[in-house]
Amino acid sequence: MKPFAYVRATGLPEAIAAHGARPGSRYLGGGTNLVDLMKLGVEAPDTLVDLADLTLGSVEETADGGLRIGSGVRGSELALHPLVRTRYPALSQALLAGASPQLRNVATTGGNLLQRTRCPYFQDVAKPCNKREPGTGCGARDGVHRDHAVLGHSPRCIATHPSDMAVALAALDAGVELQGPDGARTVPATAFHRLPGDQPERDTVIEPGEIVTAVTLPPDRAGLPSRYRKARDRASYAFALASVAAVLDISGGRVRHVALAFGGLAHRPWRATVAEERLLGAAPTESAVREAVEAELDAAEPLRDNAFKVPLARNLACDVLNSLAGSPPSRGSRS
(Lines give C-alpha, C1' and ligand atoms only; values in the text may rest on other atoms or scores of the structure.)
Protein backbone atom coordinates (compact mmCIF):
# COMPACT_ATOMS: atom_id res chain seq x y z
CA MET A 1 0.00 0.00 0.00
CA LYS A 2 1.49 3.33 -1.02
CA PRO A 3 1.64 6.25 1.47
CA PHE A 4 -1.34 8.61 1.54
CA ALA A 5 -2.46 11.78 3.30
CA TYR A 6 -5.34 11.63 5.77
CA VAL A 7 -7.99 14.28 6.52
CA ARG A 8 -10.68 13.77 9.18
CA ALA A 9 -13.43 16.18 8.14
CA THR A 10 -15.81 17.67 10.71
CA GLY A 11 -18.48 18.89 8.27
CA LEU A 12 -19.68 18.54 4.68
CA PRO A 13 -18.09 21.79 3.43
CA GLU A 14 -14.72 20.80 4.88
CA ALA A 15 -14.93 17.30 3.41
CA ILE A 16 -15.87 18.56 -0.07
CA ALA A 17 -13.15 21.21 0.01
CA ALA A 18 -10.52 18.73 1.19
CA HIS A 19 -11.46 16.29 -1.56
CA GLY A 20 -11.38 18.93 -4.28
CA ALA A 21 -8.08 20.38 -3.16
CA ARG A 22 -6.24 17.08 -3.40
CA PRO A 23 -6.10 15.18 -6.72
CA GLY A 24 -6.56 11.47 -6.25
CA SER A 25 -8.68 11.86 -3.11
CA ARG A 26 -11.19 9.28 -1.90
CA TYR A 27 -13.89 9.55 0.73
CA LEU A 28 -13.66 7.00 3.55
CA GLY A 29 -16.76 5.65 5.29
CA GLY A 30 -16.55 2.27 6.99
CA GLY A 31 -13.64 1.27 4.75
CA THR A 32 -14.77 -2.35 4.37
CA ASN A 33 -14.32 -2.22 0.59
CA LEU A 34 -11.96 0.69 -0.09
CA VAL A 35 -9.26 -0.43 2.35
CA ASP A 36 -9.31 -3.95 0.91
CA LEU A 37 -8.85 -2.54 -2.60
CA MET A 38 -5.96 -0.39 -1.37
CA LYS A 39 -4.27 -3.48 0.04
CA LEU A 40 -4.66 -5.21 -3.33
CA GLY A 41 -3.26 -2.21 -5.21
CA VAL A 42 -6.51 -1.68 -7.11
CA GLU A 43 -7.09 1.67 -5.39
CA ALA A 44 -4.14 3.95 -4.64
CA PRO A 45 -5.55 7.28 -3.38
CA ASP A 46 -3.24 10.17 -2.57
CA THR A 47 -5.60 11.33 0.20
CA LEU A 48 -8.32 9.76 2.30
CA VAL A 49 -11.01 12.14 3.52
CA ASP A 50 -12.61 10.46 6.53
CA LEU A 51 -16.35 11.12 6.93
CA ALA A 52 -16.71 9.44 10.35
CA ASP A 53 -17.27 12.74 12.22
CA LEU A 54 -20.00 14.00 9.90
CA THR A 55 -23.53 13.94 11.34
CA LEU A 56 -24.87 11.43 8.83
CA GLY A 57 -25.69 8.57 11.19
CA SER A 58 -29.41 8.86 11.91
CA VAL A 59 -32.63 7.26 10.67
CA GLU A 60 -35.48 9.78 10.73
CA GLU A 61 -39.16 9.60 9.87
CA THR A 62 -40.08 12.31 7.37
CA ALA A 63 -43.13 14.54 7.72
CA ASP A 64 -44.99 12.60 5.02
CA GLY A 65 -44.32 9.21 6.62
CA GLY A 66 -41.27 8.11 4.66
CA LEU A 67 -37.77 7.53 6.02
CA ARG A 68 -34.52 9.41 5.60
CA ILE A 69 -31.45 7.26 6.27
CA GLY A 70 -28.13 9.03 6.78
CA SER A 71 -25.29 7.66 4.69
CA GLY A 72 -23.27 7.00 7.86
CA VAL A 73 -25.85 4.61 9.33
CA ARG A 74 -24.24 1.21 9.89
CA GLY A 75 -25.72 -1.86 8.23
CA SER A 76 -26.49 -3.63 11.49
CA GLU A 77 -28.43 -0.66 12.85
CA LEU A 78 -30.40 -0.18 9.66
CA ALA A 79 -31.28 -3.86 9.29
CA LEU A 80 -32.76 -3.99 12.79
CA HIS A 81 -34.39 -0.58 12.90
CA PRO A 82 -38.08 -1.09 13.82
CA LEU A 83 -39.40 1.29 11.15
CA VAL A 84 -37.36 -0.47 8.47
CA ARG A 85 -38.40 -3.93 9.59
CA THR A 86 -42.12 -3.12 9.72
CA ARG A 87 -42.52 -0.71 6.81
CA TYR A 88 -39.81 -1.82 4.36
CA PRO A 89 -39.06 -5.46 5.21
CA ALA A 90 -37.26 -6.18 1.92
CA LEU A 91 -34.55 -3.70 2.91
CA SER A 92 -34.01 -5.34 6.30
CA GLN A 93 -33.89 -8.80 4.69
CA ALA A 94 -31.39 -7.65 2.06
CA LEU A 95 -29.06 -6.17 4.66
CA LEU A 96 -29.16 -9.30 6.79
CA ALA A 97 -28.40 -11.43 3.71
CA GLY A 98 -25.63 -9.13 2.52
CA ALA A 99 -22.75 -9.50 4.95
CA SER A 100 -21.47 -11.06 8.14
CA PRO A 101 -22.45 -9.40 11.45
CA GLN A 102 -18.90 -8.08 11.84
CA LEU A 103 -19.04 -6.31 8.48
CA ARG A 104 -22.55 -4.96 9.10
CA ASN A 105 -21.30 -3.39 12.33
CA VAL A 106 -18.76 -1.33 10.35
CA ALA A 107 -20.10 -0.85 6.82
CA THR A 108 -22.11 2.31 6.13
CA THR A 109 -25.18 2.87 3.99
CA GLY A 110 -23.28 5.17 1.62
CA GLY A 111 -20.36 2.79 1.37
CA ASN A 112 -22.70 -0.10 0.61
CA LEU A 113 -24.04 1.78 -2.41
CA LEU A 114 -20.55 2.67 -3.60
CA GLN A 115 -18.86 -0.71 -3.16
CA ARG A 116 -17.16 -2.02 -6.25
CA THR A 117 -17.48 -5.31 -8.09
CA ARG A 118 -15.98 -8.48 -6.68
CA CYS A 119 -14.94 -9.66 -10.15
CA PRO A 120 -11.57 -11.43 -9.63
CA TYR A 121 -10.16 -9.85 -12.78
CA PHE A 122 -10.89 -6.39 -11.35
CA GLN A 123 -9.27 -7.30 -8.04
CA ASP A 124 -6.10 -8.79 -9.57
CA VAL A 125 -3.81 -6.06 -10.92
CA ALA A 126 -1.93 -8.66 -12.99
CA LYS A 127 -5.09 -9.36 -15.05
CA PRO A 128 -6.63 -7.20 -17.81
CA CYS A 129 -9.69 -5.23 -16.71
CA ASN A 130 -11.36 -2.29 -18.43
CA LYS A 131 -13.04 -1.27 -15.19
CA ARG A 132 -9.75 -1.01 -13.30
CA GLU A 133 -7.64 0.19 -16.25
CA PRO A 134 -9.67 1.30 -19.30
CA GLY A 135 -8.46 -0.08 -22.60
CA THR A 136 -6.74 -3.19 -21.26
CA GLY A 137 -9.58 -5.58 -22.10
CA CYS A 138 -12.00 -7.77 -20.15
CA GLY A 139 -10.25 -10.88 -18.87
CA ALA A 140 -13.49 -12.40 -17.60
CA ARG A 141 -15.21 -12.58 -20.97
CA ASP A 142 -13.01 -15.42 -22.23
CA GLY A 143 -11.94 -16.49 -18.75
CA VAL A 144 -13.81 -17.55 -15.63
CA HIS A 145 -17.23 -15.88 -15.68
CA ARG A 146 -19.67 -18.20 -13.93
CA ASP A 147 -20.66 -15.42 -11.50
CA HIS A 148 -20.88 -12.64 -14.07
CA ALA A 149 -23.62 -10.68 -15.82
CA VAL A 150 -26.35 -12.03 -18.08
CA LEU A 151 -28.20 -8.71 -18.51
CA GLY A 152 -27.00 -5.32 -19.74
CA HIS A 153 -23.34 -6.24 -20.15
CA SER A 154 -21.12 -4.88 -22.90
CA PRO A 155 -18.04 -6.11 -24.80
CA ARG A 156 -15.96 -4.02 -22.38
CA CYS A 157 -17.30 -5.40 -19.08
CA ILE A 158 -19.41 -8.28 -17.76
CA ALA A 159 -19.03 -7.53 -14.03
CA THR A 160 -21.97 -7.56 -11.61
CA HIS A 161 -22.71 -5.16 -8.77
CA PRO A 162 -22.36 -6.93 -5.40
CA SER A 163 -24.74 -4.96 -3.16
CA ASP A 164 -27.85 -6.67 -1.77
CA MET A 165 -29.09 -3.45 -0.18
CA ALA A 166 -29.03 -1.60 -3.52
CA VAL A 167 -31.38 -4.18 -5.05
CA ALA A 168 -33.96 -3.62 -2.32
CA LEU A 169 -33.61 0.16 -2.65
CA ALA A 170 -34.26 -0.10 -6.40
CA ALA A 171 -37.48 -2.06 -5.81
CA LEU A 172 -38.59 0.37 -3.09
CA ASP A 173 -38.16 3.43 -5.35
CA ALA A 174 -35.65 4.99 -2.95
CA GLY A 175 -33.82 8.22 -3.61
CA VAL A 176 -30.10 8.91 -3.13
CA GLU A 177 -29.21 12.37 -1.81
CA LEU A 178 -25.88 13.82 -2.95
CA GLN A 179 -23.92 16.89 -1.87
CA GLY A 180 -20.98 18.19 -3.86
CA PRO A 181 -19.12 21.24 -5.15
CA ASP A 182 -22.15 22.26 -7.22
CA GLY A 183 -24.70 21.83 -4.44
CA ALA A 184 -27.26 19.18 -3.53
CA ARG A 185 -29.30 16.87 -5.73
CA THR A 186 -31.32 13.67 -5.42
CA VAL A 187 -31.01 10.74 -7.84
CA PRO A 188 -33.50 7.84 -8.01
CA ALA A 189 -31.89 4.63 -6.76
CA THR A 190 -32.88 3.01 -10.07
CA ALA A 191 -30.70 5.54 -11.93
CA PHE A 192 -27.79 5.79 -9.49
CA HIS A 193 -25.78 2.83 -10.79
CA ARG A 194 -24.76 2.58 -14.45
CA LEU A 195 -24.60 -0.14 -17.05
CA PRO A 196 -21.01 -0.55 -18.32
CA GLY A 197 -21.38 0.55 -21.95
CA ASP A 198 -18.11 2.07 -23.13
CA GLN A 199 -17.20 3.37 -19.65
CA PRO A 200 -17.19 0.43 -17.25
CA GLU A 201 -14.84 2.35 -14.95
CA ARG A 202 -17.85 4.51 -13.95
CA ASP A 203 -20.00 2.49 -11.55
CA THR A 204 -22.45 5.29 -10.74
CA VAL A 205 -23.64 8.72 -11.89
CA ILE A 206 -21.91 10.38 -8.93
CA GLU A 207 -19.77 13.36 -9.96
CA PRO A 208 -16.23 14.11 -8.67
CA GLY A 209 -16.32 15.39 -5.11
CA GLU A 210 -19.93 14.42 -4.41
CA ILE A 211 -20.82 12.69 -1.15
CA VAL A 212 -23.79 10.39 -0.62
CA THR A 213 -25.49 12.09 2.33
CA ALA A 214 -28.70 10.07 2.69
CA VAL A 215 -31.09 7.55 1.25
CA THR A 216 -34.82 8.33 1.26
CA LEU A 217 -37.68 5.83 1.26
CA PRO A 218 -41.07 7.03 -0.03
CA PRO A 219 -44.17 6.94 2.19
CA ASP A 220 -46.36 5.30 -0.46
CA ARG A 221 -44.23 2.13 -0.30
CA ALA A 222 -44.39 1.92 3.51
CA GLY A 223 -46.21 -1.16 4.72
CA LEU A 224 -46.68 -2.77 1.31
CA PRO A 225 -45.77 -6.47 1.22
CA SER A 226 -42.13 -6.69 0.16
CA ARG A 227 -39.50 -9.41 0.20
CA TYR A 228 -35.87 -10.11 -0.66
CA ARG A 229 -34.44 -13.51 -1.55
CA LYS A 230 -30.93 -14.47 -2.54
CA ALA A 231 -29.38 -17.57 -4.11
CA ARG A 232 -25.70 -18.12 -3.33
CA ASP A 233 -23.16 -20.91 -3.32
CA ARG A 234 -23.26 -21.34 0.45
CA ALA A 235 -25.71 -20.36 3.16
CA SER A 236 -23.13 -18.33 5.07
CA TYR A 237 -21.77 -14.99 3.85
CA ALA A 238 -21.49 -15.05 0.04
CA PHE A 239 -22.34 -12.76 -2.86
CA ALA A 240 -25.50 -13.42 -4.87
CA LEU A 241 -25.56 -15.62 -7.93
CA ALA A 242 -29.04 -14.16 -8.35
CA SER A 243 -31.30 -12.23 -6.00
CA VAL A 244 -34.77 -10.70 -6.11
CA ALA A 245 -36.42 -7.79 -4.32
CA ALA A 246 -40.13 -7.32 -4.90
CA VAL A 247 -42.98 -5.10 -3.73
CA LEU A 248 -46.56 -6.10 -4.49
CA ASP A 249 -49.85 -4.34 -3.73
CA ILE A 250 -53.12 -6.05 -4.69
CA SER A 251 -56.56 -4.50 -4.61
CA GLY A 252 -59.76 -6.22 -5.72
CA GLY A 253 -57.82 -9.21 -6.99
CA ARG A 254 -55.71 -7.05 -9.33
CA VAL A 255 -52.16 -5.75 -9.08
CA ARG A 256 -52.30 -2.09 -8.05
CA HIS A 257 -48.53 -1.69 -7.68
CA VAL A 258 -45.62 -4.00 -8.43
CA ALA A 259 -41.86 -3.47 -8.35
CA LEU A 260 -39.30 -6.16 -9.14
CA ALA A 261 -35.51 -5.84 -9.10
CA PHE A 262 -32.81 -8.44 -9.72
CA GLY A 263 -29.35 -8.59 -8.19
CA GLY A 264 -26.35 -10.63 -9.31
CA LEU A 265 -27.39 -10.43 -12.97
CA ALA A 266 -26.06 -7.08 -14.15
CA HIS A 267 -23.63 -4.20 -13.61
CA ARG A 268 -26.35 -2.53 -11.54
CA PRO A 269 -29.53 -3.64 -9.76
CA TRP A 270 -31.83 -4.57 -12.64
CA ARG A 271 -35.33 -3.09 -12.38
CA ALA A 272 -37.66 -5.46 -14.22
CA THR A 273 -39.87 -2.90 -15.97
CA VAL A 274 -41.09 -5.32 -18.66
CA ALA A 275 -42.41 -7.74 -16.04
CA GLU A 276 -43.93 -4.90 -14.04
CA GLU A 277 -45.83 -3.53 -17.06
CA ARG A 278 -47.29 -6.96 -17.78
CA LEU A 279 -48.44 -7.51 -14.21
CA LEU A 280 -49.85 -4.06 -13.45
CA GLY A 281 -53.64 -4.29 -13.45
CA ALA A 282 -53.63 -8.05 -13.96
CA ALA A 283 -54.72 -10.82 -11.66
CA PRO A 284 -51.51 -12.16 -10.05
CA THR A 285 -51.99 -15.80 -11.01
CA GLU A 286 -49.00 -18.13 -11.11
CA SER A 287 -49.17 -18.29 -14.91
CA ALA A 288 -49.37 -14.49 -15.24
CA VAL A 289 -46.39 -14.08 -12.93
CA ARG A 290 -44.33 -16.64 -14.81
CA GLU A 291 -45.13 -15.14 -18.22
CA ALA A 292 -44.21 -11.66 -16.99
CA VAL A 293 -40.89 -12.77 -15.50
CA GLU A 294 -40.01 -14.79 -18.59
CA ALA A 295 -40.73 -11.76 -20.77
CA GLU A 296 -38.26 -9.75 -18.67
CA LEU A 297 -35.56 -12.38 -18.89
CA ASP A 298 -35.92 -12.72 -22.66
CA ALA A 299 -33.37 -9.89 -22.77
CA ALA A 300 -30.73 -12.05 -21.06
CA GLU A 301 -27.53 -12.79 -22.96
CA PRO A 302 -25.80 -15.48 -20.92
CA LEU A 303 -22.17 -16.32 -21.52
CA ARG A 304 -20.50 -19.68 -21.86
CA ASP A 305 -20.64 -20.66 -18.18
CA ASN A 306 -23.49 -18.70 -16.58
CA ALA A 307 -26.67 -19.61 -18.46
CA PHE A 308 -27.91 -21.28 -15.26
CA LYS A 309 -28.53 -17.80 -13.83
CA VAL A 310 -31.54 -17.24 -16.10
CA PRO A 311 -33.75 -20.09 -14.78
CA LEU A 312 -32.40 -19.46 -11.29
CA ALA A 313 -33.53 -15.83 -11.40
CA ARG A 314 -36.86 -16.79 -12.98
CA ASN A 315 -37.65 -19.32 -10.27
CA LEU A 316 -36.62 -16.92 -7.50
CA ALA A 317 -38.78 -14.11 -8.88
CA CYS A 318 -41.81 -16.33 -9.41
CA ASP A 319 -41.53 -17.75 -5.91
CA VAL A 320 -41.20 -14.32 -4.29
CA LEU A 321 -44.05 -12.74 -6.25
CA ASN A 322 -46.36 -15.72 -5.71
CA SER A 323 -45.67 -15.66 -1.98
CA LEU A 324 -46.30 -11.91 -1.82
CA ALA A 325 -49.59 -12.34 -3.65
CA GLY A 326 -50.89 -14.14 -0.57
CA SER A 327 -49.37 -11.74 2.01
CA PRO A 328 -51.50 -9.34 4.10
CA PRO A 329 -50.37 -5.69 4.44
CA SER A 330 -47.61 -5.14 6.98
CA ARG A 331 -48.45 -3.84 10.44
CA GLY A 332 -46.33 -0.83 9.50
CA SER A 333 -48.69 0.16 6.67
CA ARG A 334 -49.80 3.78 6.71
CA SER A 335 -52.72 3.20 4.32
# chains A, B, ... in the order shown; residues from 1 in each chain; ligands from 1

call {"tool": "residues_around", "arguments": {"residues": "stretch 145-156 of chain A", "least_positions_apart": "3", "cutoff": "10 Å", "atoms": "only C-alpha atoms", "output": "PyMOL selection string"}}
result
chain A and resi 118-121+129-131+134-142+159-161+194-201+232+239-242+262-268+270+297-310

call {"tool": "select_by_dssp", "arguments": {"residues": "stretch 116-145 of chain A", "states": "alpha helix (DSSP H)", "output": "ChimeraX atom specification"}}
result
/A:120-123,139-142

call {"tool": "residues_around", "arguments": {"residues": "A:Arg185", "least_positions_apart": "6", "cutoff": "10 Å", "atoms": "only C-alpha atoms", "output": "JSON, numbers by chain"}}
result
{"A": [175, 176, 177, 178, 179, 210, 212]}

call {"tool": "select_by_dssp", "arguments": {"residues": "stretch 27-96 of chain A", "states": "strand (DSSP E)", "output": "VMD selection string"}}
result
chain A and resid 27 to 28 47 to 50 59 to 61 67 to 70
